[in-house]
>>> print(open('coords25.csv').read())   # CSV, C-alpha atoms and all ligand atoms
chain,number,residue,atom,x,y,z
A,1,MET,CA,-14.3,9.9,-1.0
A,2,ILE,CA,-11.9,10.3,1.9
A,3,GLU,CA,-10.3,13.7,2.3
A,4,LEU,CA,-7.8,15.2,4.6
A,5,HIS,CA,-7.4,19.0,4.6
A,6,GLY,CA,-4.5,20.7,6.4
A,7,VAL,CA,-4.4,17.9,9.0
A,8,HIS,CA,-2.0,18.4,11.9
A,9,LYS,CA,-1.7,16.1,14.9
A,10,ARG,CA,0.3,17.1,17.9
A,11,PHE,CA,0.4,15.1,21.1
A,12,ALA,CA,0.6,16.4,24.7
A,13,THR,CA,4.3,15.5,24.7
A,14,GLY,CA,4.8,18.1,22.0
A,15,ALA,CA,5.5,15.5,19.3
A,16,ALA,CA,4.0,16.4,15.9
A,17,ALA,CA,3.0,13.2,14.3
A,18,LEU,CA,1.3,14.9,11.3
A,19,ASP,CA,2.3,18.3,10.1
A,20,GLY,CA,-0.1,19.5,7.4
A,21,VAL,CA,-1.4,16.6,5.4
A,22,ASP,CA,-3.7,17.0,2.4
A,23,LEU,CA,-5.0,13.9,0.7
A,24,SER,CA,-8.0,12.8,-1.4
A,25,ILE,CA,-8.8,9.2,-1.8
A,26,PRO,CA,-11.6,8.4,-4.3
A,27,LYS,CA,-14.1,5.7,-3.6
A,28,GLY,CA,-13.0,2.2,-4.9
A,29,GLU,CA,-9.3,3.0,-5.0
A,30,VAL,CA,-6.4,1.0,-3.5
A,31,PHE,CA,-4.4,3.7,-2.0
A,32,GLY,CA,-1.0,3.1,-0.4
A,33,ILE,CA,0.6,5.2,2.3
A,34,ILE,CA,4.2,4.5,2.6
A,35,GLY,CA,6.8,5.8,5.0
A,36,ARG,CA,9.5,4.8,7.5
A,37,SER,CA,8.9,4.1,11.1
A,38,GLY,CA,7.8,7.3,12.9
A,39,ALA,CA,6.5,9.0,9.7
A,40,GLY,CA,3.0,9.3,11.1
A,41,LYS,CA,1.3,6.4,9.3
A,42,SER,CA,-0.5,4.9,12.3
A,43,THR,CA,-1.6,8.3,13.5
A,44,LEU,CA,-3.2,8.9,10.1
A,45,VAL,CA,-5.1,5.6,10.4
A,46,ARG,CA,-6.3,6.5,13.9
A,47,LEU,CA,-7.7,9.8,12.5
A,48,LEU,CA,-9.5,7.9,9.7
A,49,ASN,CA,-11.4,5.7,12.1
A,50,GLY,CA,-12.1,8.3,14.7
A,51,LEU,CA,-9.7,7.0,17.4
A,52,GLU,CA,-7.9,10.3,17.4
A,53,ARG,CA,-8.9,13.8,16.5
A,54,PRO,CA,-6.8,16.2,14.4
A,55,SER,CA,-5.2,19.1,16.4
A,56,GLU,CA,-5.9,21.2,13.3
A,57,GLY,CA,-7.6,20.5,9.9
A,58,ARG,CA,-10.4,18.2,8.9
A,59,VAL,CA,-10.7,14.5,8.0
A,60,THR,CA,-14.0,13.8,6.1
A,61,ILE,CA,-15.5,10.6,4.7
A,62,ASP,CA,-18.1,11.3,2.1
A,63,GLY,CA,-18.3,14.8,3.4
A,64,ILE,CA,-18.8,13.8,7.1
A,65,ASP,CA,-16.3,15.3,9.5
A,66,VAL,CA,-15.1,12.3,11.4
A,67,ALA,CA,-14.0,14.3,14.5
A,68,SER,CA,-17.6,15.7,14.8
A,69,LEU,CA,-19.0,12.3,15.4
A,70,ALA,CA,-19.8,10.7,18.8
A,71,GLY,CA,-22.1,7.9,20.1
A,72,GLU,CA,-24.2,6.0,17.5
A,73,PRO,CA,-23.0,8.0,14.4
A,74,LEU,CA,-19.4,7.3,15.4
A,75,ARG,CA,-20.2,3.6,15.9
A,76,SER,CA,-22.0,3.5,12.6
A,77,LEU,CA,-18.9,5.1,10.9
A,78,ARG,CA,-16.7,2.5,12.5
A,79,ARG,CA,-18.9,-0.3,11.0
A,80,ARG,CA,-18.2,1.3,7.6
A,81,VAL,CA,-14.4,1.3,8.2
A,82,GLY,CA,-13.0,-2.2,8.6
A,83,MET,CA,-9.5,-2.6,9.8
A,84,ILE,CA,-6.7,-5.2,9.8
A,85,PHE,CA,-3.5,-5.2,11.7
A,86,GLN,CA,0.1,-6.4,11.6
A,87,ASN,CA,-0.4,-8.7,14.6
A,88,PHE,CA,-3.9,-9.8,13.4
A,89,GLY,CA,-5.6,-8.9,16.8
A,90,LEU,CA,-7.4,-12.2,17.1
A,91,LEU,CA,-8.7,-13.5,20.5
A,92,ALA,CA,-6.6,-16.6,21.3
A,93,SER,CA,-9.4,-18.2,23.4
A,94,ARG,CA,-12.1,-18.0,20.7
A,95,THR,CA,-12.5,-20.1,17.6
A,96,VAL,CA,-12.1,-18.7,14.2
A,97,ALA,CA,-15.9,-18.5,13.8
A,98,ASP,CA,-16.3,-16.7,17.2
A,99,ASN,CA,-13.6,-14.2,16.3
A,100,VAL,CA,-15.4,-13.3,13.0
A,101,ALA,CA,-18.8,-13.2,14.8
A,102,LEU,CA,-17.5,-10.7,17.5
A,103,PRO,CA,-18.2,-7.4,15.6
A,104,LEU,CA,-21.6,-8.7,14.7
A,105,ARG,CA,-22.4,-9.5,18.4
A,106,ILE,CA,-21.2,-6.0,19.4
A,107,ALA,CA,-23.4,-4.5,16.7
A,108,GLY,CA,-26.4,-6.4,18.2
A,109,VAL,CA,-27.0,-8.7,15.2
A,110,ASP,CA,-29.2,-11.6,16.2
A,111,ARG,CA,-27.9,-15.2,16.5
A,112,GLY,CA,-29.6,-16.6,13.5
A,113,GLU,CA,-28.2,-13.9,11.2
A,114,ILE,CA,-24.7,-14.4,12.7
A,115,ALA,CA,-24.9,-18.1,12.1
A,116,ARG,CA,-25.8,-17.4,8.5
A,117,ARG,CA,-23.2,-14.7,7.8
A,118,VAL,CA,-20.1,-16.2,9.5
A,119,PRO,CA,-19.7,-19.2,7.1
A,120,MET,CA,-20.1,-16.8,4.1
A,121,LEU,CA,-17.4,-14.5,5.5
A,122,LEU,CA,-15.1,-17.5,6.0
A,123,ASP,CA,-15.8,-18.8,2.5
A,124,ARG,CA,-15.0,-15.4,1.1
A,125,VAL,CA,-11.4,-15.5,2.6
A,126,GLY,CA,-10.9,-19.2,1.7
A,127,LEU,CA,-11.3,-20.6,5.3
A,128,GLY,CA,-14.7,-22.2,5.1
A,129,ASP,CA,-13.4,-25.4,6.7
A,130,HIS,CA,-11.5,-23.7,9.5
A,131,ALA,CA,-14.4,-22.4,11.5
A,132,GLY,CA,-13.8,-24.5,14.6
A,133,ARG,CA,-10.0,-24.0,14.9
A,134,TYR,CA,-8.3,-21.7,17.3
A,135,PRO,CA,-5.9,-19.0,16.2
A,136,ALA,CA,-2.9,-21.0,17.5
A,137,GLN,CA,-3.7,-23.7,15.0
A,138,LEU,CA,-3.4,-21.4,12.0
A,139,SER,CA,-0.5,-20.1,9.9
A,140,GLY,CA,0.2,-16.3,9.8
A,141,GLY,CA,-1.5,-16.0,6.4
A,142,GLN,CA,-4.6,-17.8,7.7
A,143,LYS,CA,-4.7,-15.6,10.8
A,144,GLN,CA,-4.7,-12.6,8.6
A,145,ARG,CA,-7.5,-14.1,6.5
A,146,VAL,CA,-9.5,-14.4,9.7
A,147,GLY,CA,-8.7,-10.8,10.5
A,148,ILE,CA,-10.0,-9.9,7.0
A,149,ALA,CA,-13.2,-11.9,7.5
A,150,ARG,CA,-13.8,-10.2,10.8
A,151,ALA,CA,-13.1,-6.7,9.2
A,152,LEU,CA,-15.7,-7.5,6.5
A,153,ALA,CA,-18.3,-8.7,9.0
A,154,THR,CA,-20.1,-5.4,9.4
A,155,GLY,CA,-20.2,-4.8,5.7
A,156,PRO,CA,-17.7,-1.9,5.5
A,157,ASP,CA,-17.0,0.1,2.3
A,158,ILE,CA,-13.5,1.1,3.5
A,159,LEU,CA,-10.8,-1.3,4.6
A,160,LEU,CA,-7.8,0.1,6.5
A,161,CYS,CA,-4.8,-2.2,6.4
A,162,ASP,CA,-2.1,-1.2,8.9
A,163,GLU,CA,1.1,-3.0,8.1
A,164,ALA,CA,-1.2,-6.0,7.4
A,165,THR,CA,1.5,-8.1,5.7
A,166,SER,CA,4.6,-7.0,7.6
A,167,ALA,CA,4.6,-10.2,9.7
A,168,LEU,CA,4.3,-12.5,6.8
A,169,ASP,CA,6.8,-14.1,4.4
A,170,PRO,CA,6.9,-12.9,0.8
A,171,GLU,CA,4.8,-15.8,-0.6
A,172,THR,CA,2.1,-15.4,2.0
A,173,THR,CA,2.2,-11.6,1.6
A,174,ARG,CA,1.5,-12.1,-2.1
A,175,SER,CA,-1.6,-14.3,-1.4
A,176,VAL,CA,-3.0,-11.9,1.2
A,177,LEU,CA,-2.5,-9.0,-1.1
A,178,ALA,CA,-4.2,-10.9,-3.9
A,179,LEU,CA,-7.2,-11.4,-1.6
A,180,ILE,CA,-7.2,-7.7,-0.8
A,181,ALA,CA,-7.1,-6.8,-4.5
A,182,GLU,CA,-10.0,-9.3,-5.1
A,183,LEU,CA,-12.1,-7.6,-2.4
A,184,ASN,CA,-11.4,-4.2,-4.0
A,185,ARG,CA,-12.5,-5.6,-7.4
A,186,ASP,CA,-15.5,-7.7,-6.4
A,187,LEU,CA,-16.9,-5.6,-3.5
A,188,GLY,CA,-15.8,-2.1,-4.7
A,189,LEU,CA,-14.1,-1.6,-1.3
A,190,THR,CA,-11.9,1.5,-0.9
A,191,ILE,CA,-8.6,0.1,0.5
A,192,ILE,CA,-6.0,2.1,2.3
A,193,LEU,CA,-2.8,0.2,2.7
A,194,ILE,CA,-0.3,1.5,5.2
A,195,THR,CA,3.2,0.0,4.8
A,196,HIS,CA,6.9,0.5,4.9
A,197,GLU,CA,7.4,-1.9,2.0
A,198,MET,CA,7.6,-0.7,-1.6
A,199,ASP,CA,6.9,-4.1,-3.0
A,200,VAL,CA,3.5,-4.2,-1.2
A,201,VAL,CA,2.5,-0.9,-2.8
A,202,ARG,CA,3.8,-2.0,-6.2
A,203,GLN,CA,1.7,-5.2,-6.1
A,204,VAL,CA,-1.7,-3.8,-5.4
A,205,CYS,CA,-2.0,0.0,-5.2
A,206,ASP,CA,-3.4,2.4,-7.7
A,207,ARG,CA,-2.0,5.5,-6.1
A,208,VAL,CA,0.5,6.1,-3.3
A,209,ALA,CA,1.4,8.9,-0.9
A,210,VAL,CA,4.9,9.0,0.6
A,211,LEU,CA,4.8,10.2,4.2
A,212,HIS,CA,8.0,11.6,5.9
A,213,ALA,CA,8.1,13.3,9.2
A,214,GLY,CA,4.4,13.9,9.2
A,215,ARG,CA,4.2,15.4,5.7
A,216,VAL,CA,3.3,14.0,2.3
A,217,VAL,CA,6.5,14.5,0.3
A,218,GLU,CA,4.9,13.2,-2.9
A,219,SER,CA,1.8,11.4,-4.1
A,220,GLY,CA,0.5,10.2,-7.4
A,221,SER,CA,0.0,7.0,-9.5
A,222,VAL,CA,2.2,4.1,-8.5
A,223,GLY,CA,3.8,4.2,-12.0
A,224,ASP,CA,4.7,7.9,-11.7
A,225,ILE,CA,6.1,7.7,-8.2
A,226,PHE,CA,8.0,4.5,-8.6
A,227,LEU,CA,9.5,5.1,-12.0
A,228,ASN,CA,10.1,8.9,-11.7
A,229,PRO,CA,10.5,9.5,-7.9
A,230,ARG,CA,11.2,13.2,-7.1
A,231,ALA,CA,11.5,13.2,-3.4
A,232,ALA,CA,14.8,12.1,-1.8
A,233,GLU,CA,12.8,10.0,0.7
A,234,THR,CA,11.1,8.1,-2.1
A,235,ARG,CA,14.4,7.5,-3.8
A,236,GLY,CA,15.8,6.2,-0.5
A,237,LEU,CA,12.9,3.8,0.0
A,238,LEU,CA,13.3,2.5,-3.6
A,239,ALA,CA,17.0,2.1,-3.3
A,240,GLU,CA,16.5,0.0,-0.1
A,241,ALA,CA,13.9,-2.1,-2.0
A,242,GLY,CA,16.7,-3.1,-4.5
A,243,ASP,CA,15.7,-0.5,-7.2
A,244,GLY,CA,19.1,1.2,-7.2
A,245,ALA,CA,22.1,1.0,-9.5
A,246,VAL,CA,25.8,0.2,-9.0
A,247,ASP,CA,28.1,3.0,-8.0
A,248,LEU,CA,28.7,4.9,-11.3
A,249,ALA,CA,31.5,7.1,-10.2
A,250,GLY,CA,34.3,6.8,-12.7
A,251,TYR,CA,32.1,5.0,-15.3
A,252,LYS,CA,33.2,6.2,-18.8
A,253,GLY,CA,30.1,5.7,-21.0
A,254,ALA,CA,26.9,7.6,-21.4
A,255,VAL,CA,24.4,6.7,-18.6
A,256,VAL,CA,20.7,6.8,-19.1
A,257,ARG,CA,17.6,5.4,-17.3
A,258,PHE,CA,15.4,3.6,-19.7
A,259,THR,CA,11.8,2.8,-18.8
A,260,LEU,CA,9.5,0.4,-20.6
A,261,ILE,CA,5.8,-0.2,-19.8
A,262,GLY,CA,3.4,-2.9,-20.9
A,263,ASP,CA,4.1,-5.3,-23.7
A,264,ALA,CA,7.3,-3.4,-24.7
A,265,VAL,CA,9.0,-5.3,-21.9
A,266,TRP,CA,8.8,-8.5,-24.0
A,267,GLN,CA,10.6,-6.9,-27.0
A,268,PRO,CA,14.3,-7.6,-27.6
A,269,VAL,CA,14.8,-3.8,-27.8
A,270,LEU,CA,18.5,-3.6,-26.7
A,271,THR,CA,19.8,-6.3,-29.0
A,272,HIS,CA,18.1,-4.7,-32.0
A,273,ILE,CA,19.4,-1.3,-31.2
A,274,ALA,CA,22.9,-2.6,-30.5
A,275,ARG,CA,23.0,-4.4,-34.0
A,276,ASP,CA,21.6,-1.3,-35.8
A,277,THR,CA,23.8,1.3,-34.2
A,278,GLY,CA,26.9,-0.5,-33.2
A,279,VAL,CA,26.4,0.7,-29.6
A,280,ASP,CA,27.4,-1.6,-26.7
A,281,PHE,CA,25.0,-1.6,-23.7
A,282,ALA,CA,26.1,-2.4,-20.1
A,283,ILE,CA,23.2,-3.0,-17.7
A,284,LEU,CA,24.2,-1.1,-14.5
A,285,GLY,CA,21.1,-1.4,-12.5
A,286,GLY,CA,17.4,-2.0,-12.8
A,287,ARG,CA,14.3,-4.0,-12.3
A,288,ILE,CA,11.8,-5.9,-14.5
A,289,GLY,CA,8.5,-6.6,-12.8
A,290,GLN,CA,4.9,-6.1,-12.3
A,291,MET,CA,3.0,-3.0,-11.1
A,292,LYS,CA,-0.6,-4.1,-10.3
A,293,ASP,CA,-1.7,-5.4,-13.7
A,294,LYS,CA,1.0,-3.8,-15.8
A,295,SER,CA,4.5,-5.1,-16.6
A,296,PHE,CA,7.3,-2.6,-16.4
A,297,GLY,CA,11.1,-2.5,-16.8
A,298,GLN,CA,13.4,0.2,-15.7
A,299,LEU,CA,17.1,-0.2,-16.5
A,300,THR,CA,20.1,2.0,-15.9
A,301,LEU,CA,22.1,1.6,-19.1
A,302,GLY,CA,25.7,2.5,-19.9
A,303,LEU,CA,26.3,3.2,-23.6
A,304,THR,CA,29.7,3.0,-25.3
A,305,GLY,CA,31.0,3.0,-28.9
A,306,GLY,CA,28.9,3.2,-32.1
A,307,ASP,CA,26.3,5.9,-32.9
A,308,ILE,CA,25.2,6.9,-29.4
A,309,ALA,CA,22.8,9.6,-30.7
A,310,ALA,CA,21.0,7.1,-32.9
A,311,ALA,CA,20.8,4.6,-30.1
A,312,LEU,CA,19.2,7.2,-27.8
A,313,SER,CA,16.6,8.1,-30.3
A,314,ALA,CA,15.9,4.4,-30.9
A,315,LEU,CA,15.5,3.9,-27.1
A,316,GLU,CA,13.1,6.8,-27.0
A,317,ALA,CA,11.0,5.2,-29.7
A,318,HIS,CA,10.4,2.2,-27.4
A,319,GLY,CA,10.1,3.8,-24.0
A,320,SER,CA,11.2,6.8,-22.0
A,321,VAL,CA,14.8,7.9,-21.5
A,322,SER,CA,16.1,10.1,-18.8
A,323,ARG,CA,19.6,11.1,-17.8
B,1,LIG,N1,0.1,8.8,21.7
B,1,LIG,C1,1.3,9.5,21.3
B,1,LIG,N2,1.8,10.3,22.2
B,1,LIG,C2,3.0,11.0,21.8
B,1,LIG,N3,3.6,10.8,20.7
B,1,LIG,C3,3.1,9.9,19.8
B,1,LIG,C4,1.9,9.2,20.1
B,1,LIG,N4,1.6,8.4,19.0
B,1,LIG,C5,2.6,8.7,18.1
B,1,LIG,N5,3.5,9.6,18.6
B,1,LIG,C6,4.7,10.1,17.9
B,1,LIG,O1,4.3,10.5,16.6
B,1,LIG,C7,5.2,10.1,15.5
B,1,LIG,C8,4.5,9.3,14.5
B,1,LIG,O2,4.1,8.0,15.0
B,1,LIG,P1,3.3,6.9,14.2
B,1,LIG,O3,3.1,5.8,15.1
B,1,LIG,O4,2.1,7.6,13.6
B,1,LIG,O5,4.3,6.6,13.1
B,1,LIG,P2,4.4,5.3,12.1
B,1,LIG,O6,4.8,5.9,10.8
B,1,LIG,O7,3.1,4.6,12.2
B,1,LIG,O8,5.5,4.5,12.7
B,1,LIG,P3,5.6,2.9,12.9
B,1,LIG,O9,5.7,2.3,11.5
B,1,LIG,O10,6.9,2.7,13.7
B,1,LIG,O11,4.4,2.5,13.6
B,1,LIG,C9,6.3,9.4,16.3
B,1,LIG,O12,7.4,10.3,16.5
B,1,LIG,C10,5.7,9.0,17.6
B,1,LIG,O13,6.7,8.9,18.6
>>> encode(input="coords25.csv", output="structure tokens")
Amino acid sequence: MIELHGVHKRFATGAAALDGVDLSIPKGEVFGIIGRSGAGKSTLVRLLNGLERPSEGRVTIDGIDVASLAGEPLRSLRRRVGMIFQNFGLLASRTVADNVALPLRIAGVDRGEIARRVPMLLDRVGLGDHAGRYPAQLSGGQKQRVGIARALATGPDILLCDEATSALDPETTRSVLALIAELNRDLGLTIILITHEMDVVRQVCDRVAVLHAGRVVESGSVGDIFLNPRAAETRGLLAEAGDGAVDLAGYKGAVVRFTLIGDAVWQPVLTHIARDTGVDFAILGGRIGQMKDKSFGQLTLGLTGGDIAAALSALEAHGSVSR
């Protein structure tokens, strides 16, 4: 369990990067931290791996106060907390295998053990046959896989991903996120994913916290936060991700937001209700997609004509309706 209690971080310049953050991240969860540039995401990561100390408050991992550690206990904590970065952080002059071996060398693991472990780590990320290549000979997605193998080398139980897919195209992002989800499932790793992209959170996270100006403005399950955002900052991020609706000023019909989850997405709900009630539906906005393992649909609907009250109660029988 990772916990932040009343965490503030102020820099000597007077900048407050974090301004009273409380968070609990249970073991084995994929937890997203989303926010715009400058929200405090990277500062939060640096507190988790002991690179910075809070100005106030406590960051604990399994009850251990990270800021209280120094020397070997701090090194041992860092071995438990693997990290991957937006720019991969690979050494250009070393082969893939050497890059992955580096944390093991630093930890003092003997040569034989390194030679045994590195191929297993590369197999784990699907790069078993790339051991002798150099980073410049790899695609972005492959470089990030090497970054992941290196992060796994010391056998961590937590993986911090700081904008790990921000430099990748959408298809490669999907495959790297699929690998991250697999590591969570197979190895039980707790994963903290820092991102400014809603789609990244939607694809793999169980829960999410929205960070704005150093504060958590809302947090909860990805379904709750994405389908019923309360904070203006979350709504803004969702609108930018294409989850908005057309301008409704001047629209004459009744407007509702209709949310379907799971198999209900497959049902021809609107055509049935239209036939039964005589109501015409206009689709004014929305999205049908996948949230981790669940399908969802959220539509902004305009209703005109027919028996509107009957249509609304029929919609409620299939999903949730809000105005
Ligand atoms: N070492 C530092 N000294 C002074 N101010 C800092 C320092 N590190 C971060 N800040 C400030 O703290 C705030 C939060 O920065 P941080 O890098 O944590 O944000 P972020 O959400 O990760 O942004 P980005 O996505 O752009 O990296 C910013 O206003 C930044 O200028």
>>> atom_distance(input="coords25.csv", atom1="atom P1 of ligand LIG 1 (chain B)", atom2="CA of His212 (chain A)")
10.6 Å
>>> closest_residue(input="coords25.csv", among="A:Met198, A:Ala254, A:Leu74, A:Ala213", to="Ala239 (chain A)", atoms="only C-alpha atoms")
A:Met198
>>> closest_residue(input="coords25.csv", among="A:Thr95, A:Gln137, A:Ser55, A:Thr195", to="ligand LIG 1 (chain B)", atoms="only C-alpha atoms and all ligand atoms")
A:Thr195
>>> residues_around(input="coords25.csv", residues="region 167-183 of chain A", least_positions_apart="5", cutoff="9 Å", atoms="all atoms listed in the file", output="PyMOL selection string")
chain A and resi 30+86-87+125+140-142+144-145+148+188-189+191+200+203-205
>>> closest_atom_pairs(input="coords25.csv", of="chain A", to="ligand LIG 1 (chain B)", cutoff="6 Å", atoms="only C-alpha atoms and all ligand atoms", output="Markdown table")
| residue | atom | partner | partner_atom | distance |
| --- | --- | --- | --- | --- |
| A:Phe11 | CA | B:LIG1 | C2 | 4.9 |
| A:Thr13 | CA | B:LIG1 | C2 | 5.5 |
| A:Ala15 | CA | B:LIG1 | N3 | 5.3 |
| A:Ala16 | CA | B:LIG1 | O1 | 5.9 |
| A:Ala17 | CA | B:LIG1 | O1 | 3.8 |
| A:Arg36 | CA | B:LIG1 | O6 | 5.8 |
| A:Ser37 | CA | B:LIG1 | O10 | 3.6 |
| A:Gly38 | CA | B:LIG1 | O5 | 3.6 |
| A:Ala39 | CA | B:LIG1 | O6 | 3.7 |
| A:Gly40 | CA | B:LIG1 | O4 | 3.2 |
| A:Lys41 | CA | B:LIG1 | O6 | 3.8 |
| A:Ser42 | CA | B:LIG1 | O7 | 3.6 |
| A:Thr43 | CA | B:LIG1 | O4 | 3.8 |
>>> residues_around(input="coords25.csv", residues="Ser221 (chain A)", least_positions_apart="2", cutoff="7 Å", atoms="only C-alpha atoms", output="list in words")
Asp206, Arg207, Val208, Gly223, Asp224 and Ile225 of chain A
>>> atom_distance(input="coords25.csv", atom1="CA of Ser322 (chain A)", atom2="CA of Arg257 (chain A)")
5.2 Å
>>> residues_around(input="coords25.csv", residues="Val45 (chain A)", least_positions_apart="4", cutoff="8 Å", atoms="only C-alpha atoms", output="number ranges by chain")
A: 41, 49, 160, 162
>>> residues_around(input="coords25.csv", residues="region 314-317 of chain A", least_positions_apart="5", cutoff="10 Å", atoms="all atoms listed in the file", output="list in words")
Val256, Phe258, Thr259, Leu260, Val269, Leu270, His272, Ile273, Ala274, Asp276, Thr277, Ile308, Ala309 and Ser322 of chain A
>>> atom_distance(input="coords25.csv", atom1="CA of Asp22 (chain A)", atom2="CA of Val7 (chain A)")
6.7 Å
>>> residues_around(input="coords25.csv", residues="Gly155 (chain A)", least_positions_apart="4", cutoff="9 Å", atoms="all atoms listed in the file", output="PDB file with C-alpha atoms, keeping the file's coordinate frame")
ATOM      1  CA  ARG A  79     -18.900  -0.300  11.000  1.00  0.00           C
ATOM      2  CA  ARG A  80     -18.200   1.300   7.600  1.00  0.00           C
ATOM      3  CA  VAL A  81     -14.400   1.300   8.200  1.00  0.00           C
ATOM      4  CA  GLY A  82     -13.000  -2.200   8.600  1.00  0.00           C
ATOM      5  CA  ALA A 151     -13.100  -6.700   9.200  1.00  0.00           C
TER       6      ALA A 151
END
>>> closest_residue(input="coords25.csv", among="A:Arg58, A:Arg275, A:Lys294, A:Arg46", to="Glu3 (chain A)", atoms="all atoms listed in the file")
A:Arg58
>>> closest_residue(input="coords25.csv", among="A:Thr271, A:Asn184, A:Thr234, A:Asn228", to="Ala209 (chain A)", atoms="only C-alpha atoms")
A:Thr234
>>> closest_residue(input="coords25.csv", among="A:Gly28, A:Gly89, A:Ser320, A:Phe226", to="Asp186 (chain A)", atoms="all atoms listed in the file")
A:Gly28
>>> closest_residue(input="coords25.csv", among="A:Ile64, A:Leu127, A:Val109, A:Leu104", to="Ala153 (chain A)", atoms="all atoms listed in the file")
A:Leu104
